[in-house]
>>> print(open('entry-v2.cif').read())   # mmCIF, C-alpha atoms
data_data
loop_
_atom_site.label_atom_id
_atom_site.label_comp_id
_atom_site.auth_asym_id
_atom_site.auth_seq_id
_atom_site.Cartn_x
_atom_site.Cartn_y
_atom_site.Cartn_z
CA MET U 1 0.00 0.00 0.00
CA LYS U 2 1.16 3.52 -0.84
CA ALA U 3 0.01 6.57 1.08
CA CYS U 4 0.96 10.20 1.24
CA VAL U 5 0.62 12.93 3.84
CA ILE U 6 0.04 16.46 2.60
CA VAL U 7 2.18 19.05 4.41
CA PHE U 8 1.16 22.73 4.56
CA PRO U 9 3.00 25.60 6.21
CA GLY U 10 1.52 25.40 9.72
CA SER U 11 0.67 21.69 9.69
CA ASN U 12 1.70 20.20 13.05
CA CYS U 13 0.27 16.68 13.06
CA ASP U 14 1.91 15.58 9.81
CA ARG U 15 4.72 13.70 11.55
CA ASP U 16 2.32 11.94 13.97
CA LEU U 17 0.23 10.85 11.00
CA GLN U 18 3.38 9.71 9.18
CA VAL U 19 4.36 7.52 12.16
CA ALA U 20 0.86 6.02 12.54
CA LEU U 21 0.68 5.21 8.83
CA ARG U 22 4.22 3.81 8.77
CA ARG U 23 3.42 1.45 11.66
CA ALA U 24 0.20 0.24 10.07
CA MET U 25 1.57 -0.10 6.52
CA GLY U 26 5.09 -1.28 7.28
CA SER U 27 6.36 1.18 4.68
CA GLU U 28 7.05 4.87 4.50
CA PRO U 29 4.29 7.28 3.41
CA ALA U 30 5.37 10.03 1.04
CA MET U 31 5.35 13.56 2.44
CA VAL U 32 3.93 15.94 -0.18
CA TRP U 33 4.53 19.70 0.08
CA HIS U 34 1.62 22.11 -0.42
CA GLY U 35 3.16 23.73 -3.49
CA ASP U 36 3.44 20.45 -5.40
CA ALA U 37 0.93 20.51 -8.21
CA THR U 38 1.20 16.74 -8.61
CA PHE U 39 2.58 13.69 -6.81
CA ASP U 40 3.00 9.93 -7.28
CA ASP U 41 -0.10 7.73 -7.44
CA VAL U 42 -1.13 6.55 -3.97
CA ASP U 43 -3.87 4.38 -2.45
CA LEU U 44 -4.59 6.91 0.30
CA ILE U 45 -4.18 10.67 0.67
CA ALA U 46 -4.01 11.90 4.28
CA VAL U 47 -4.56 15.57 5.18
CA PRO U 48 -3.14 16.28 8.65
CA GLY U 49 -4.06 18.52 11.54
CA GLY U 50 -2.47 21.81 12.47
CA PHE U 51 -3.02 25.43 11.54
CA SER U 52 -2.34 25.54 7.81
CA TYR U 53 -1.49 29.08 6.66
CA GLY U 54 -2.13 30.24 10.22
CA ASP U 55 -5.88 29.64 9.79
CA TYR U 56 -6.00 33.02 7.97
CA LEU U 57 -9.47 34.06 6.76
CA ARG U 58 -11.09 30.80 7.98
CA ALA U 59 -9.61 27.52 9.23
CA GLY U 60 -8.61 25.54 6.14
CA ALA U 61 -9.69 28.23 3.66
CA MET U 62 -6.26 29.05 2.27
CA ALA U 63 -5.03 25.45 2.20
CA ALA U 64 -8.15 24.41 0.30
CA LYS U 65 -7.04 26.62 -2.61
CA SER U 66 -3.38 25.54 -2.65
CA PRO U 67 -1.90 23.83 -5.73
CA VAL U 68 -1.71 20.44 -4.04
CA MET U 69 -5.37 20.55 -2.97
CA ARG U 70 -6.51 21.09 -6.56
CA GLU U 71 -4.84 17.78 -7.32
CA VAL U 72 -6.29 16.12 -4.19
CA VAL U 73 -9.79 17.24 -5.20
CA ARG U 74 -9.28 15.95 -8.73
CA ARG U 75 -8.17 12.53 -7.46
CA ALA U 76 -10.87 12.30 -4.78
CA ASN U 77 -13.48 12.93 -7.46
CA LYS U 78 -12.01 9.96 -9.35
CA GLY U 79 -12.44 7.77 -6.26
CA VAL U 80 -9.03 7.92 -4.55
CA PRO U 81 -9.55 7.60 -0.75
CA VAL U 82 -8.84 10.78 1.24
CA ILE U 83 -8.83 11.16 5.03
CA GLY U 84 -8.66 14.53 6.79
CA LEU U 85 -8.03 14.84 10.52
CA CYS U 86 -8.80 18.03 12.48
CA ASN U 87 -7.46 20.86 10.28
CA GLY U 88 -7.57 18.26 7.50
CA PHE U 89 -11.35 17.97 8.03
CA GLN U 90 -11.65 21.77 7.86
CA ILE U 91 -9.63 21.79 4.63
CA LEU U 92 -11.84 19.08 3.09
CA THR U 93 -15.04 21.03 3.86
CA GLU U 94 -13.49 24.27 2.55
CA SER U 95 -12.44 22.49 -0.64
CA GLY U 96 -15.96 21.17 -1.18
CA LEU U 97 -15.02 17.48 -0.85
CA LEU U 98 -17.17 17.23 2.27
CA PRO U 99 -20.46 19.07 2.90
CA GLY U 100 -21.11 21.54 5.71
CA ALA U 101 -18.68 23.78 7.57
CA LEU U 102 -16.65 23.85 10.78
CA MET U 103 -17.27 26.94 12.87
CA ARG U 104 -15.79 28.42 16.05
CA ASN U 105 -16.50 26.17 19.07
CA ALA U 106 -19.82 27.14 20.66
CA ASN U 107 -18.16 28.00 23.98
CA LEU U 108 -15.49 30.02 22.07
CA LYS U 109 -12.72 28.07 23.80
CA TYR U 110 -9.90 25.97 22.40
CA VAL U 111 -10.66 22.45 23.61
CA CYS U 112 -7.89 19.90 24.15
CA LYS U 113 -8.90 16.67 25.91
CA ASP U 114 -9.84 13.04 25.37
CA VAL U 115 -13.44 12.50 24.25
CA HIS U 116 -15.54 9.42 23.63
CA LEU U 117 -16.79 8.65 20.15
CA LYS U 118 -19.36 6.20 18.88
CA VAL U 119 -18.44 4.46 15.64
CA GLU U 120 -21.69 4.98 13.73
CA THR U 121 -20.83 3.06 10.60
CA THR U 122 -18.28 0.40 9.73
CA ASP U 123 -19.38 0.32 6.11
CA THR U 124 -16.35 2.36 5.05
CA PRO U 125 -12.72 1.53 4.32
CA PHE U 126 -11.75 3.94 7.12
CA THR U 127 -13.84 2.49 9.97
CA ARG U 128 -14.03 -1.20 9.02
CA GLY U 129 -11.46 -2.01 11.73
CA TYR U 130 -13.96 -1.15 14.47
CA ASP U 131 -17.09 -2.93 15.69
CA LYS U 132 -20.26 -1.06 14.76
CA GLY U 133 -21.43 0.98 17.73
CA ALA U 134 -18.06 0.70 19.49
CA ILE U 135 -17.25 3.49 21.97
CA ILE U 136 -13.66 4.65 21.59
CA ARG U 137 -11.53 7.23 23.37
CA ILE U 138 -9.70 9.70 21.11
CA PRO U 139 -8.24 13.18 21.81
CA VAL U 140 -9.57 16.40 20.33
CA ALA U 141 -7.54 19.62 20.09
CA HIS U 142 -9.24 22.44 18.20
CA HIS U 143 -10.83 25.88 18.29
CA ASP U 144 -13.02 25.49 15.21
CA GLY U 145 -14.66 22.08 15.37
CA ASN U 146 -18.31 23.08 15.61
CA TYR U 147 -19.86 21.18 12.70
CA PHE U 148 -22.62 23.09 10.95
CA ALA U 149 -25.02 21.86 8.28
CA ASP U 150 -28.51 23.09 7.43
CA ASP U 151 -31.49 20.87 8.28
CA ASP U 152 -31.78 19.39 4.77
CA LEU U 153 -28.12 18.42 4.75
CA LEU U 154 -28.35 16.91 8.25
CA ASP U 155 -31.32 14.79 7.15
CA ASP U 156 -29.37 13.74 4.09
CA LEU U 157 -26.25 12.80 6.09
CA GLU U 158 -28.27 10.77 8.59
CA SER U 159 -30.41 8.97 6.03
CA ARG U 160 -27.40 8.04 3.91
CA ASN U 161 -25.42 6.82 6.90
CA GLN U 162 -22.69 9.40 6.27
CA VAL U 163 -22.07 10.20 9.95
CA ALA U 164 -18.95 8.18 10.81
CA PHE U 165 -18.34 9.27 14.42
CA ARG U 166 -20.45 11.01 17.06
CA TYR U 167 -19.41 12.53 20.39
CA THR U 168 -20.85 10.53 23.31
CA ASP U 169 -20.26 10.05 27.00
CA ALA U 170 -18.28 7.04 28.25
CA ASP U 171 -21.46 4.95 28.15
CA GLY U 172 -22.17 5.79 24.53
CA GLN U 173 -25.01 8.22 25.22
CA VAL U 174 -25.28 11.14 22.80
CA THR U 175 -25.65 14.07 25.19
CA SER U 176 -25.02 17.79 24.94
CA ALA U 177 -22.61 17.49 27.89
CA ALA U 178 -20.51 15.07 25.82
CA ASN U 179 -20.43 17.50 22.89
CA PRO U 180 -17.12 19.40 23.18
CA ASN U 181 -17.79 22.08 20.57
CA GLY U 182 -21.50 22.47 19.81
CA SER U 183 -21.52 20.33 16.68
CA GLN U 184 -24.98 19.60 15.32
CA HIS U 185 -26.16 16.06 16.05
CA ASN U 186 -22.88 15.64 18.04
CA ILE U 187 -21.15 14.99 14.71
CA ALA U 188 -17.40 14.33 15.04
CA GLY U 189 -16.74 12.91 11.59
CA ILE U 190 -18.53 12.51 8.26
CA LEU U 191 -18.15 10.76 4.93
CA ASN U 192 -18.90 12.04 1.47
CA ARG U 193 -21.73 10.40 -0.41
CA GLN U 194 -19.36 8.14 -2.36
CA ARG U 195 -17.75 7.10 0.97
CA ASN U 196 -14.18 7.58 -0.28
CA VAL U 197 -13.59 10.77 1.75
CA LEU U 198 -13.66 10.93 5.56
CA GLY U 199 -13.16 14.01 7.72
CA MET U 200 -13.06 13.98 11.52
CA MET U 201 -12.07 16.51 14.19
CA PRO U 202 -10.58 14.02 16.70
CA HIS U 203 -6.99 12.77 16.38
CA PRO U 204 -6.78 8.95 16.05
CA GLU U 205 -3.06 9.29 15.24
CA ARG U 206 -2.47 10.57 18.79
CA LEU U 207 -3.72 7.36 20.42
CA ALA U 208 -2.28 4.67 18.17
CA ASP U 209 0.60 3.50 20.34
CA PRO U 210 0.57 2.07 23.90
CA ALA U 211 3.37 4.50 24.79
CA LEU U 212 0.95 7.38 24.11
CA GLY U 213 -1.55 6.05 26.65
CA GLY U 214 -3.98 4.25 24.37
CA THR U 215 -4.53 2.43 21.12
CA ASP U 216 -8.14 3.23 20.22
CA GLY U 217 -6.88 4.97 17.07
CA THR U 218 -5.04 1.89 15.82
CA PRO U 219 -8.03 0.06 14.23
CA LEU U 220 -8.59 3.04 11.93
CA PHE U 221 -5.09 2.75 10.47
CA ARG U 222 -5.11 -1.07 10.39
CA GLY U 223 -8.53 -1.09 8.76
CA MET U 224 -7.38 1.30 6.03
CA VAL U 225 -4.34 -0.87 5.32
CA GLU U 226 -6.57 -3.95 5.01
CA ALA U 227 -8.90 -2.07 2.68
CA PHE U 228 -6.32 -0.39 0.47
CA ALA U 229 -3.36 -2.82 0.44
CA MET K 1 -10.65 51.53 -7.58
CA LYS K 2 -11.41 50.55 -4.02
CA ALA K 3 -13.86 47.81 -3.16
CA ARG K 4 -15.23 46.92 0.26
CA ILE K 5 -16.62 43.52 1.10
CA HIS K 6 -18.62 42.64 4.19
CA VAL K 7 -18.88 38.97 5.11
CA THR K 8 -21.51 38.03 7.69
CA LEU K 9 -22.98 34.80 8.99
CA LYS K 10 -26.27 33.80 7.41
CA GLN K 11 -29.46 34.18 9.39
CA GLY K 12 -30.10 30.94 11.21
CA VAL K 13 -26.40 30.24 11.72
CA LEU K 14 -25.53 30.67 15.38
CA ASP K 15 -22.90 33.34 16.02
CA PRO K 16 -21.33 32.51 19.41
CA GLN K 17 -18.87 35.43 19.16
CA GLY K 18 -21.71 37.86 18.51
CA LYS K 19 -23.58 36.42 21.49
CA ALA K 20 -20.51 36.85 23.72
CA VAL K 21 -20.13 40.48 22.57
CA GLN K 22 -23.84 41.12 23.21
CA HIS K 23 -23.48 39.67 26.70
CA ALA K 24 -20.37 41.79 27.39
CA LEU K 25 -22.16 44.97 26.25
CA GLY K 26 -25.02 44.15 28.60
CA SER K 27 -22.64 43.67 31.51
CA LEU K 28 -21.10 47.10 30.73
CA GLY K 29 -24.52 48.64 31.17
CA PHE K 30 -25.46 49.09 27.51
CA THR K 31 -29.07 47.99 27.69
CA GLY K 32 -31.37 47.35 24.78
CA VAL K 33 -28.90 45.59 22.47
CA ASN K 34 -31.28 43.03 20.99
CA ASP K 35 -28.74 41.12 18.92
CA VAL K 36 -25.10 41.29 17.76
CA ARG K 37 -23.80 39.66 14.60
CA GLN K 38 -20.07 39.73 14.00
CA GLY K 39 -18.48 39.57 10.58
CA LYS K 40 -15.45 40.46 8.46
CA PHE K 41 -14.60 43.59 6.51
CA ILE K 42 -12.22 43.23 3.56
CA GLU K 43 -10.92 46.19 1.54
CA LEU K 44 -9.38 45.65 -1.90
CA ASP K 45 -7.54 48.04 -4.20
CA LEU K 46 -8.20 46.96 -7.78
CA ALA K 47 -6.42 47.82 -11.05
CA GLU K 48 -9.70 47.32 -12.94
CA THR K 49 -11.42 50.56 -14.06
CA ASP K 50 -14.65 49.04 -15.40
CA ARG K 51 -17.11 48.81 -12.50
CA THR K 52 -19.20 46.05 -14.07
CA LYS K 53 -16.17 43.88 -14.69
CA ALA K 54 -14.85 44.63 -11.22
CA ARG K 55 -18.13 43.61 -9.61
CA ALA K 56 -18.25 40.33 -11.53
CA ASN K 57 -14.67 39.62 -10.56
CA LEU K 58 -15.31 40.44 -6.89
CA ASP K 59 -18.35 38.20 -6.90
CA GLU K 60 -16.17 35.29 -8.03
CA MET K 61 -13.53 36.17 -5.39
CA CYS K 62 -16.19 36.00 -2.69
CA LYS K 63 -17.59 32.70 -3.93
CA GLN K 64 -14.19 31.06 -4.34
CA LEU K 65 -12.31 32.32 -1.29
CA LEU K 66 -13.40 35.38 0.66
CA ALA K 67 -16.68 33.91 1.96
CA ASN K 68 -17.77 30.38 2.79
CA THR K 69 -21.21 30.45 1.23
CA VAL K 70 -22.30 27.41 3.27
CA ILE K 71 -22.48 29.65 6.35
CA GLU K 72 -21.80 33.22 5.17
CA ASN K 73 -23.37 35.99 3.08
CA TYR K 74 -21.40 38.79 1.51
CA THR K 75 -22.04 42.28 0.16
CA ILE K 76 -19.83 44.21 -2.28
CA ASP K 77 -19.46 48.00 -2.34
CA ILE K 78 -17.41 49.75 -5.01
CA ASP K 79 -16.30 53.41 -4.76
#
>>> encode(input="entry-v2.cif", output="structure tokens")
Amino acid sequence: MKACVIVFPGSNCDRDLQVALRRAMGSEPAMVWHGDATFDDVDLIAVPGGFSYGDYLRAGAMAAKSPVMREVVRRANKGVPVIGLCNGFQILTESGLLPGALMRNANLKYVCKDVHLKVETTDTPFTRGYDKGAIIRIPVAHHDGNYFADDDLLDDLESRNQVAFRYTDADGQVTSAANPNGSQHNIAGILNRQRNVLGMMPHPERLADPALGGTDGTPLFRGMVEAFA
Amino acid sequence: MKARIHVTLKQGVLDPQGKAVQHALGSLGFTGVNDVRQGKFIELDLAETDRTKARANLDEMCKQLLANTVIENYTIDID
């Protein structure tokens, strides 16, 4: 399996993602710079977290228009799998690959803590490594993770099973107290309609090694390797 | 020519920053502020001299980058 990690000025989770992918794949992912208008064919494109271009204008807005993202959009539209984590999710919504938008957290605070997520669908190459309905613990670290979609879009996402992860409490209950940022329907991650693009605010790459205090992120990377290898 | 663009959140989209500002105004004793909506102001200096062309170009700039039309509206004013 071949994968690449896109690196923007201001990315800060690119190396973590590189390590998580390397461990799961047993080979080295390519690191692709934001100014590269093209790159080698890969089975997976990963868009990392961070603060690309300093989050100028809106989180992800500048990165979404960079030369490399034009190529990522072109390939995603041809069916190449793309995963975006945290700032990567913001970039994917800004680029139009995923619907909706990520707004300032409802409580206006940067939130950095472990949260619980419910795996809402395993019918994707990204989440197939989990049991459906599993409750996992994954960190979040963001200021703009408040997922917004209008009512029609929310109905559409729910009816097409495009919600991949939802914020819950430790018992798997979807409550407003368990919602760290005000996201509608407690949405933490969504798929596009074709199910080859996933965006999520939490950071599975930060809990994919026992030395980091947990491995609940590991099945995501293992599952992708099984699906794409 | 100079162009000024205002970007604001659409009606129906919650504006937590606006709400916080409204609350702060209230706590300073400014009563009667029914609502606060916060937005962005962007000023551009354009080489274009044809106002119609400039407006069409600005409209595309807003759609492609300056506003996120999923959540934001924009208005364009040209000198």
>>> resolve_selection(input="entry-v2.cif", expression="the PyMOL selection byres ((chain U) within 10 of (chain K))", output="list of chain:residue names")
U:Leu57, U:Arg58, U:Ala61, U:Met62, U:Ala64, U:Lys65, U:Thr93, U:Glu94, U:Ser95, U:Gly96, U:Pro99, U:Gly100, U:Ala101, U:Leu102, U:Met103, U:Arg104, U:Asn105, U:Ala106, U:Asn107, U:Leu108, U:Phe148, U:Ala149, U:Asp150
>>> atom_distance(input="entry-v2.cif", atom1="atom CA of U:Phe8", atom2="atom CA of U:Asn186")
28.5 Å
>>> residues_around(input="entry-v2.cif", residues="K:Tyr74", least_positions_apart="5", cutoff="12 Å", atoms="all atoms listed in the file", output="number ranges by chain")
K: 4-10, 39-42, 58-63, 65-69
>>> closest_residue(input="entry-v2.cif", among="K:Gln38, K:Glu43, K:Gly29, K:Ile76", to="K:Arg55", atoms="all atoms listed in the file")
K:Ile76
>>> residues_around(input="entry-v2.cif", residues="K:Glu48", least_positions_apart="4", cutoff="12 Å", atoms="all atoms listed in the file", output="ChimeraX atom specification")
/K:1-3,44,52-58,78
>>> residues_around(input="entry-v2.cif", residues="U:Arg206", least_positions_apart="2", cutoff="12 Å", atoms="only C-alpha atoms", output="MDAnalysis selection string")
chainID U and resid 12:21 48:49 85:86 113:114 137:141 202:204 208:218 220:221
>>> write_last_selection(input="entry-v2.cif", atoms="C-alpha atoms", output="mmCIF file, in the coordinates of the input")
data_model
loop_
_atom_site.group_PDB
_atom_site.id
_atom_site.type_symbol
_atom_site.label_atom_id
_atom_site.label_comp_id
_atom_site.auth_asym_id
_atom_site.auth_seq_id
_atom_site.Cartn_x
_atom_site.Cartn_y
_atom_site.Cartn_z
ATOM 1 C CA ASN U 12 1.700 20.200 13.050
ATOM 2 C CA CYS U 13 0.270 16.680 13.060
ATOM 3 C CA ASP U 14 1.910 15.580 9.810
ATOM 4 C CA ARG U 15 4.720 13.700 11.550
ATOM 5 C CA ASP U 16 2.320 11.940 13.970
ATOM 6 C CA LEU U 17 0.230 10.850 11.000
ATOM 7 C CA GLN U 18 3.380 9.710 9.180
ATOM 8 C CA VAL U 19 4.360 7.520 12.160
ATOM 9 C CA ALA U 20 0.860 6.020 12.540
ATOM 10 C CA LEU U 21 0.680 5.210 8.830
ATOM 11 C CA PRO U 48 -3.140 16.280 8.650
ATOM 12 C CA GLY U 49 -4.060 18.520 11.540
ATOM 13 C CA LEU U 85 -8.030 14.840 10.520
ATOM 14 C CA CYS U 86 -8.800 18.030 12.480
ATOM 15 C CA LYS U 113 -8.900 16.670 25.910
ATOM 16 C CA ASP U 114 -9.840 13.040 25.370
ATOM 17 C CA ARG U 137 -11.530 7.230 23.370
ATOM 18 C CA ILE U 138 -9.700 9.700 21.110
ATOM 19 C CA PRO U 139 -8.240 13.180 21.810
ATOM 20 C CA VAL U 140 -9.570 16.400 20.330
ATOM 21 C CA ALA U 141 -7.540 19.620 20.090
ATOM 22 C CA PRO U 202 -10.580 14.020 16.700
ATOM 23 C CA HIS U 203 -6.990 12.770 16.380
ATOM 24 C CA PRO U 204 -6.780 8.950 16.050
ATOM 25 C CA ALA U 208 -2.280 4.670 18.170
ATOM 26 C CA ASP U 209 0.600 3.500 20.340
ATOM 27 C CA PRO U 210 0.570 2.070 23.900
ATOM 28 C CA ALA U 211 3.370 4.500 24.790
ATOM 29 C CA LEU U 212 0.950 7.380 24.110
ATOM 30 C CA GLY U 213 -1.550 6.050 26.650
ATOM 31 C CA GLY U 214 -3.980 4.250 24.370
ATOM 32 C CA THR U 215 -4.530 2.430 21.120
ATOM 33 C CA ASP U 216 -8.140 3.230 20.220
ATOM 34 C CA GLY U 217 -6.880 4.970 17.070
ATOM 35 C CA THR U 218 -5.040 1.890 15.820
ATOM 36 C CA LEU U 220 -8.590 3.040 11.930
ATOM 37 C CA PHE U 221 -5.090 2.750 10.470
#
>>> residues_around(input="entry-v2.cif", residues="U:Met31", least_positions_apart="2", cutoff="10 Å", atoms="all atoms listed in the file", output="list in words")
Ala3, Cys4, Val5, Ile6, Val7, Asp14, Arg15, Gln18, Glu28, Pro29, Trp33, His34, Phe39 and Ala46 of chain U
>>> residues_near_point(input="entry-v2.cif", point="(-19.1, 7.6, 29.9)", cutoff="12 Å", atoms="all atoms listed in the file", output="JSON, numbers by chain")
{"U": [114, 115, 116, 117, 118, 135, 136, 137, 167, 168, 169, 170, 171, 172, 173, 174, 175, 177, 178]}
>>> atom_distance(input="entry-v2.cif", atom1="atom CA of U:Pro67", atom2="atom CA of U:Gly35")
5.5 Å
>>> closest_residue(input="entry-v2.cif", among="U:Asp155, U:Tyr130, U:Ala30, U:Asn196", to="U:Arg75", atoms="only C-alpha atoms")
U:Asn196
>>> residues_around(input="entry-v2.cif", residues="U:Tyr110", least_positions_apart="6", cutoff="8 Å", atoms="all atoms listed in the file", output="PyMOL selection string")
chain U and resi 141-144
>>> closest_residue(input="entry-v2.cif", among="U:Val73, U:Ile91, U:Ile45, U:Met224", to="U:Thr124", atoms="only C-alpha atoms")
U:Met224
>>> atom_distance(input="entry-v2.cif", atom1="atom CA of U:Ala227", atom2="atom CA of U:Asn77")
18.7 Å
>>> closest_residue(input="entry-v2.cif", among="U:Ala76, U:Thr122, U:Ala229, U:Ser176", to="U:Gln194", atoms="all atoms listed in the file")
U:Ala76
>>> axis_aligned_box(input="entry-v2.cif", around="stretch 56-63 of chain K", padding_each_side="8 Å", output="AutoDock Vina command-line options")
--center_x -15.9 --center_y 36.6 --center_z -7.1 --size_x 20.8 --size_y 23.7 --size_z 24.8
>>> closest_residue(input="entry-v2.cif", among="K:Gln11, K:Asp45, K:Thr75, K:Val36", to="K:His23", atoms="all atoms listed in the file")
K:Val36
>>> closest_residue(input="entry-v2.cif", among="U:Ser66, U:Asn181, U:Ser159, U:Gln90", to="U:Cys112", atoms="only C-alpha atoms")
U:Asn181
>>> decode(input="entry-v2.cif", residues="stretch 146-154 of chain U", atoms="all heavy atoms", output="CSV table (one decimal), in the first residue's frame")
chain,number,residue,atom,x,y,z
U,146,ASN,N,-16.9,23.0,15.4
U,146,ASN,CA,-18.3,23.1,15.6
U,146,ASN,C,-19.0,22.8,14.2
U,146,ASN,O,-19.1,23.7,13.4
U,146,ASN,CB,-18.6,24.5,16.2
U,146,ASN,CG,-20.1,24.7,16.4
U,146,ASN,OD1,-20.9,23.8,16.1
U,146,ASN,ND2,-20.4,25.9,16.9
U,147,TYR,N,-19.4,21.6,14.0
U,147,TYR,CA,-19.9,21.2,12.7
U,147,TYR,C,-21.2,21.8,12.4
U,147,TYR,O,-22.2,21.6,13.2
U,147,TYR,CB,-19.9,19.7,12.5
U,147,TYR,CG,-20.4,19.3,11.2
U,147,TYR,CD1,-19.5,19.4,10.1
U,147,TYR,CD2,-21.7,18.8,10.9
U,147,TYR,CE1,-19.9,19.1,8.8
U,147,TYR,CE2,-22.1,18.5,9.6
U,147,TYR,CZ,-21.2,18.6,8.6
U,147,TYR,OH,-21.6,18.3,7.3
U,148,PHE,N,-21.3,22.5,11.3
U,148,PHE,CA,-22.6,23.1,10.9
U,148,PHE,C,-23.1,22.6,9.6
U,148,PHE,O,-22.3,22.5,8.6
U,148,PHE,CB,-22.5,24.6,10.8
U,148,PHE,CG,-23.8,25.3,10.3
U,148,PHE,CD1,-24.8,25.5,11.2
U,148,PHE,CD2,-24.0,25.5,9.0
U,148,PHE,CE1,-26.0,26.1,10.7
U,148,PHE,CE2,-25.2,26.0,8.5
U,148,PHE,CZ,-26.2,26.3,9.4
U,149,ALA,N,-24.4,22.2,9.6
U,149,ALA,CA,-25.0,21.9,8.3
U,149,ALA,C,-26.5,22.3,8.4
U,149,ALA,O,-27.0,22.3,9.5
U,149,ALA,CB,-24.9,20.4,8.0
U,150,ASP,N,-27.1,22.7,7.3
U,150,ASP,CA,-28.5,23.1,7.4
U,150,ASP,C,-29.4,21.8,7.6
U,150,ASP,O,-28.9,20.7,7.5
U,150,ASP,CB,-29.0,24.0,6.3
U,150,ASP,CG,-28.9,23.3,4.9
U,150,ASP,OD1,-29.0,22.0,4.9
U,150,ASP,OD2,-28.7,24.0,3.9
U,151,ASP,N,-30.6,22.0,7.9
U,151,ASP,CA,-31.5,20.9,8.3
U,151,ASP,C,-31.6,19.8,7.2
U,151,ASP,O,-31.6,18.6,7.4
U,151,ASP,CB,-32.9,21.4,8.7
U,151,ASP,CG,-32.9,22.1,10.0
U,151,ASP,OD1,-31.9,21.9,10.7
U,151,ASP,OD2,-33.8,22.8,10.3
U,152,ASP,N,-31.7,20.3,5.9
U,152,ASP,CA,-31.8,19.4,4.8
U,152,ASP,C,-30.5,18.5,4.7
U,152,ASP,O,-30.6,17.3,4.4
U,152,ASP,CB,-32.0,20.2,3.5
U,152,ASP,CG,-33.4,20.8,3.4
U,152,ASP,OD1,-34.2,20.4,4.2
U,152,ASP,OD2,-33.6,21.6,2.5
U,153,LEU,N,-29.4,19.2,4.8
U,153,LEU,CA,-28.1,18.4,4.7
U,153,LEU,C,-28.0,17.4,5.9
U,153,LEU,O,-27.6,16.3,5.7
U,153,LEU,CB,-26.9,19.4,4.7
U,153,LEU,CG,-25.6,18.7,4.7
U,153,LEU,CD1,-25.4,17.8,3.6
U,153,LEU,CD2,-24.5,19.8,4.7
U,154,LEU,N,-28.4,17.8,7.1
U,154,LEU,CA,-28.3,16.9,8.2
U,154,LEU,C,-29.2,15.7,8.0
U,154,LEU,O,-28.8,14.5,8.2
U,154,LEU,CB,-28.8,17.6,9.5
U,154,LEU,CG,-27.8,18.6,10.1
U,154,LEU,CD1,-28.4,19.4,11.3
U,154,LEU,CD2,-26.6,17.9,10.7
